[in-house]
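**Student:** You'll find structure_32.txt just under this line, and it carries compact mmCIF, C-alpha atoms.
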```
# COMPACT_ATOMS: atom_id res chain seq x y z
CA MET A 281 49.93 114.12 129.97
CA ALA A 282 50.99 117.62 128.96
CA GLU A 283 48.16 117.91 126.42
CA ASP A 284 45.78 118.29 129.36
CA VAL A 285 47.43 121.55 130.51
CA ASP A 286 45.43 124.70 129.78
CA PHE A 287 47.88 127.03 128.03
CA GLU A 288 46.28 130.23 129.30
CA ASN A 289 46.30 128.96 132.88
CA LEU A 290 49.92 127.84 132.49
CA VAL A 291 50.97 131.32 131.31
CA THR A 292 49.02 133.02 134.09
CA ARG A 293 50.57 130.84 136.76
CA HIS A 294 54.20 130.84 135.58
CA TYR A 295 54.76 134.10 133.65
CA GLY A 296 55.77 136.20 136.67
CA PRO A 297 58.37 133.80 138.12
CA LEU A 298 59.77 133.01 134.66
CA TYR A 299 60.10 136.70 133.83
CA GLN A 300 61.85 137.38 137.14
CA PHE A 301 64.29 134.54 136.44
CA ALA A 302 64.90 135.83 132.91
CA PHE A 303 65.44 139.36 134.21
CA SER A 304 67.92 138.11 136.80
CA LEU A 305 69.87 136.43 133.98
CA THR A 306 69.76 139.23 131.42
CA ARG A 307 69.38 142.39 133.53
CA ASP A 308 67.45 143.81 130.59
CA GLU A 309 63.66 144.19 130.54
CA ALA A 310 63.13 143.69 126.80
CA GLU A 311 65.45 140.70 126.64
CA ALA A 312 63.74 139.14 129.67
CA CYS A 313 60.33 139.59 128.01
CA ASP A 314 61.65 138.00 124.81
CA LEU A 315 63.11 135.03 126.68
CA THR A 316 59.90 134.47 128.62
CA GLN A 317 57.79 134.68 125.47
CA GLN A 318 60.16 132.33 123.64
CA THR A 319 59.83 129.83 126.47
CA PHE A 320 56.05 129.79 126.13
CA CYS A 321 56.34 129.52 122.34
CA ILE A 322 58.51 126.44 122.79
CA TRP A 323 55.97 125.04 125.25
CA ALA A 324 53.22 125.59 122.66
CA THR A 325 55.13 123.49 120.11
CA LYS A 326 56.92 120.93 122.29
CA GLY A 327 55.12 120.89 125.63
CA HIS A 328 52.97 117.94 124.60
CA GLN A 329 56.11 115.78 124.81
CA LEU A 330 56.32 116.22 128.59
CA ARG A 331 55.20 112.97 130.18
CA ASP A 332 55.03 113.97 133.84
CA ILE A 333 52.67 116.92 134.25
CA THR A 334 54.10 117.68 137.69
CA LYS A 335 57.36 118.72 136.03
CA VAL A 336 55.87 121.60 134.01
CA LYS A 337 57.50 124.31 136.14
CA THR A 338 60.90 122.63 135.99
CA TRP A 339 60.54 122.15 132.23
CA LEU A 340 59.72 125.85 131.72
CA PHE A 341 62.64 127.10 133.82
CA THR A 342 65.06 124.67 132.17
CA THR A 343 63.87 125.72 128.72
CA LEU A 344 64.24 129.40 129.57
CA HIS A 345 67.76 128.84 130.88
CA ARG A 346 68.76 126.91 127.75
CA GLU A 347 67.38 129.67 125.53
CA PHE A 348 69.37 132.22 127.54
CA LEU A 349 72.57 130.21 127.11
CA GLY A 350 71.88 129.79 123.40
CA SER A 351 71.36 133.53 122.96
CA ARG A 352 74.64 134.24 124.75
CA ARG A 353 76.49 131.79 122.50
CA ARG A 354 75.01 133.52 119.42
CA GLN A 355 76.05 136.93 120.79
CA THR A 356 79.58 135.63 121.31
CA ARG A 357 79.78 134.14 117.82
CA PHE A 358 78.10 137.07 116.10
CA PRO A 359 78.67 140.17 118.24
CA HIS A 360 76.76 143.33 117.50
CA VAL A 361 79.09 145.96 116.07
CA GLU A 362 78.04 149.42 115.03
CA LEU A 363 78.62 149.80 111.30
CA GLU A 364 80.53 153.07 111.68
CA TYR A 365 83.17 151.28 113.81
CA ALA A 366 83.53 148.31 111.46
CA ALA A 367 83.55 150.23 108.18
CA ALA A 368 87.33 149.95 107.84
CA GLU A 369 87.11 146.15 107.96
CA LEU A 370 84.46 145.86 105.24
CA PRO A 371 85.57 145.09 101.69
CA VAL A 372 85.06 147.80 99.11
CA VAL A 373 82.80 146.39 96.42
CA SER A 374 80.87 148.64 94.12
CA PRO A 375 77.10 148.18 93.89
CA ALA A 376 77.46 147.56 90.16
CA THR A 377 79.73 144.57 90.87
CA ILE A 378 77.31 143.13 93.40
CA ASN A 379 74.40 143.46 90.99
CA GLN A 380 76.33 141.59 88.30
CA LEU A 381 77.34 138.63 90.46
CA ASP A 382 75.33 135.49 90.74
CA SER A 383 75.71 132.36 92.81
CA GLU A 384 77.30 130.41 89.95
CA GLN A 385 80.07 132.98 89.65
CA LEU A 386 80.59 132.93 93.40
CA LEU A 387 80.90 129.14 93.44
CA GLN A 388 83.33 129.26 90.51
CA ALA A 389 85.44 131.83 92.33
CA LEU A 390 85.37 129.72 95.51
CA GLY A 391 86.55 126.77 93.43
CA GLN A 392 89.53 128.81 92.25
CA LEU A 393 90.70 129.56 95.78
CA ASP A 394 93.56 127.47 97.16
CA GLU A 395 92.18 124.61 99.25
CA ILE A 396 93.65 125.93 102.48
CA TYR A 397 91.72 129.19 102.08
CA ARG A 398 88.60 127.65 100.56
CA ALA A 399 87.94 125.35 103.51
CA ALA A 400 88.11 128.15 106.08
CA VAL A 401 86.00 130.56 104.01
CA MET A 402 83.32 127.97 103.29
CA LEU A 403 83.13 126.74 106.89
CA PHE A 404 82.78 130.29 108.19
CA TYR A 405 80.47 131.90 105.62
CA LEU A 406 78.49 129.00 104.22
CA GLU A 407 78.31 126.72 107.26
CA ASP A 408 78.29 129.40 110.01
CA HIS A 409 81.04 127.80 112.10
CA SER A 410 82.90 129.91 114.66
CA TYR A 411 86.65 130.46 114.49
CA ASN A 412 87.14 127.96 117.30
CA GLU A 413 85.01 125.34 115.55
CA ILE A 414 86.93 125.82 112.30
CA ALA A 415 90.23 125.46 114.17
CA GLU A 416 88.98 122.18 115.65
CA ILE A 417 87.57 120.87 112.35
CA LEU A 418 90.72 121.69 110.37
CA GLY A 419 93.11 120.86 113.21
CA ILE A 420 94.91 124.20 113.00
CA PRO A 421 95.56 127.03 115.50
CA LEU A 422 93.02 129.82 115.94
CA GLY A 423 95.43 132.45 114.57
CA THR A 424 95.89 130.39 111.41
CA VAL A 425 92.10 130.28 110.94
CA LYS A 426 91.92 134.07 111.17
CA SER A 427 94.77 134.62 108.73
CA ARG A 428 93.39 132.09 106.25
CA LEU A 429 89.98 133.78 106.37
CA THR A 430 91.53 137.19 105.83
CA ARG A 431 93.74 136.06 102.96
CA GLY A 432 91.00 133.88 101.47
CA LEU A 433 88.55 136.76 101.45
CA GLU A 434 91.12 139.04 99.86
CA LYS A 435 91.73 136.49 97.10
CA LEU A 436 87.99 135.87 96.67
CA HIS A 437 87.36 139.61 96.45
CA HIS A 438 90.08 139.91 93.80
CA LEU A 439 88.60 137.00 91.82
CA LEU A 440 85.07 138.39 92.00
CA THR A 441 85.96 141.97 91.09
CA ASN A 442 87.96 140.84 88.09
CA ILE A 443 85.14 138.76 86.59
CA GLN A 444 84.24 139.93 83.13
CA THR A 445 80.48 139.92 82.77
CA PRO A 446 78.98 139.40 79.33
CA PRO A 447 77.32 142.46 77.79
CA GLN A 448 73.58 142.64 78.43
CA SER A 449 71.34 142.73 75.43
```
Represent the structure of the file as C-alpha cells.

**Tutor:**
Amino acid sequence: MAEDVDFENLVTRHYGPLYQFAFSLTRDEAEACDLTQQTFCIWATKGHQLRDITKVKTWLFTTLHREFLGSRRRQTRFPHVELEYAAAELPVVSPATINQLDSEQLLQALGQLDEIYRAAVMLFYLEDHSYNEIAEILGIPLGTVKSRLTRGLEKLHHLLTNIQTPPQS
C-alpha cells in the first residue's frame, strides 16, 4: 500500500526527473519548481489512495502532467494582463460608491437586469464559467455571450451607481 512509502525517500528519488519533466513542459524554472512541489503536495494528501506501490512513479508523472494542463486552462480562461493596458476596459466607479455598496444591493441590481443579460453576467462573474462554457450552457453563439456580458455590465454599472444610499447617522 502507498502508506508504506517513506515521503522523504520518495521526494529524493523522484524530484529530479519530475522537475526535468516539468521544465520541459513549462520552459520556466519557477513554474517547473511550483509544479513539482504541487505534485508532492498532492501525493502527501492523496498518495495513500494508490493501491499498487509499483505505480508510484507513473502516478507522480501523471499528476504533474494533469496539474500542468490545469494551469494552462486557468491561464487561458484568466490571462494575465498588465493593468496599464487594460485600464480602458475597466469601469469607472468611484471609491465612495464601492464603499457604500453591499451584497444585498448588488443582488437587487442583478435582479433588475433583463434575464438575457443576468444569466450571462451571473455565469461569468459568480460561477466562473468561461465564454465558451456560457455559450454552451445558454445555447448561444460566442459573440452573443460577449455582447450580453458587455451590455449587462453596463446596465449593472448604471443600476449600481444610481442607487441612493440612506444617510448615515

**Student:** Have a look at A:Tyr411, A:Phe341, A:Trp323, A:Phe358 and name the one nearest to A:Pro297; count all atoms listed in the file.

**Tutor:**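 Comparing A:Tyr411, A:Phe341, A:Trp323, A:Phe358 against A:Pro297, the winner is A:Phe341.
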
**Student:** Could you please determine the separation between atom CA of A:Arg331 and atom CA of A:Ser351 in Å, to one decimal place?

**Tutor:**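 Here the two named atoms are 27.1 Å from each other.
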
**Student:** Using all atoms listed in the file, can you tell me which of A:Val291, A:Ile396, A:Leu344, A:Ala310 comes closest to A:Ile322?

**Tutor:** A:Leu344

**Student:** Show me, as a PyMOL selection string, the residues that have an atom within 12 Å of A:Ala302 when counting only C-alpha atoms, minus same-chain residues fewer than 2 positions from it.

**Tutor:** chain A and resi 295-300+304-319+340-349

**Student:** Which residues, written as a short mmCIF file (atom, residue, chain, number, x, y, z; two decimals) with C-alpha atoms, in the frame of the given file, have at least one atom at most 9 Å from A:Gln392, with only C-alpha atoms counted and residues fewer than 5 positions away on the same chain left out?

**Tutor:**
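selection_32.cif, written as the output of this step:
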```
data_model
loop_
_atom_site.label_atom_id
_atom_site.label_comp_id
_atom_site.auth_asym_id
_atom_site.auth_seq_id
_atom_site.Cartn_x
_atom_site.Cartn_y
_atom_site.Cartn_z
CA LEU A 387 80.90 129.14 93.44
CA ARG A 398 88.60 127.65 100.56
CA LEU A 436 87.99 135.87 96.67
CA LEU A 439 88.60 137.00 91.82
#
```

**Student:** Expressed in Å to a single decimal, how great is the separation between atom CA of A:Ile414 and atom CA of A:Ala399?

**Tutor:** 8.9 Å

**Student:** Using atom CA of A:Leu406 and atom CA of A:Asn442 as the two end points, give the distance in Å to one decimal.

**Tutor:**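 Going from atom CA of A:Leu406 over to atom CA of A:Asn442, I get 22.1 Å.
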
**Student:** Give the answer as one residue: which of A:Arg352, A:Val285, A:Glu413, A:Glu407 has the shortest atom-to-atom distance to A:Gln329, using all atoms listed in the file?

**Tutor:**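 Closest to A:Gln329, using all atoms listed in the file: A:Val285.
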
**Student:** The residues within 9 Å of (91.9, 131.6, 95.8), using only C-alpha atoms and the coordinates of the file, should be reported as JSON, numbers by chain; which are they?

**Tutor:** {"A": [389, 390, 391, 392, 393, 394, 395, 396, 397, 398, 431, 432, 433, 434, 435, 436, 438, 439]}

**Student:** Please, what is the axis-aligned box for every listed atom of stretch 287-299 of chain A with 4 Å on each side, as centre and edge lengths in Å to one decimal, as AutoDock Vina command-line options?

**Tutor:**
```
--center_x 53.2 --center_y 131.9 --center_z 133.1 --size_x 21.8 --size_y 17.7 --size_z 18.1
```

**Student:** Nearest to A:Thr325 among A:Leu418, A:Glu364, A:Glu384, A:Phe287, with distances taken over all atoms listed in the file: which residue is it?

**Tutor:** A:Phe287

**Student:** Determine the nearest neighbour of A:Arg293 from the options A:Val336, A:Leu422, A:Leu440, A:Cys321, counting only C-alpha atoms.

**Tutor:** A:Val336
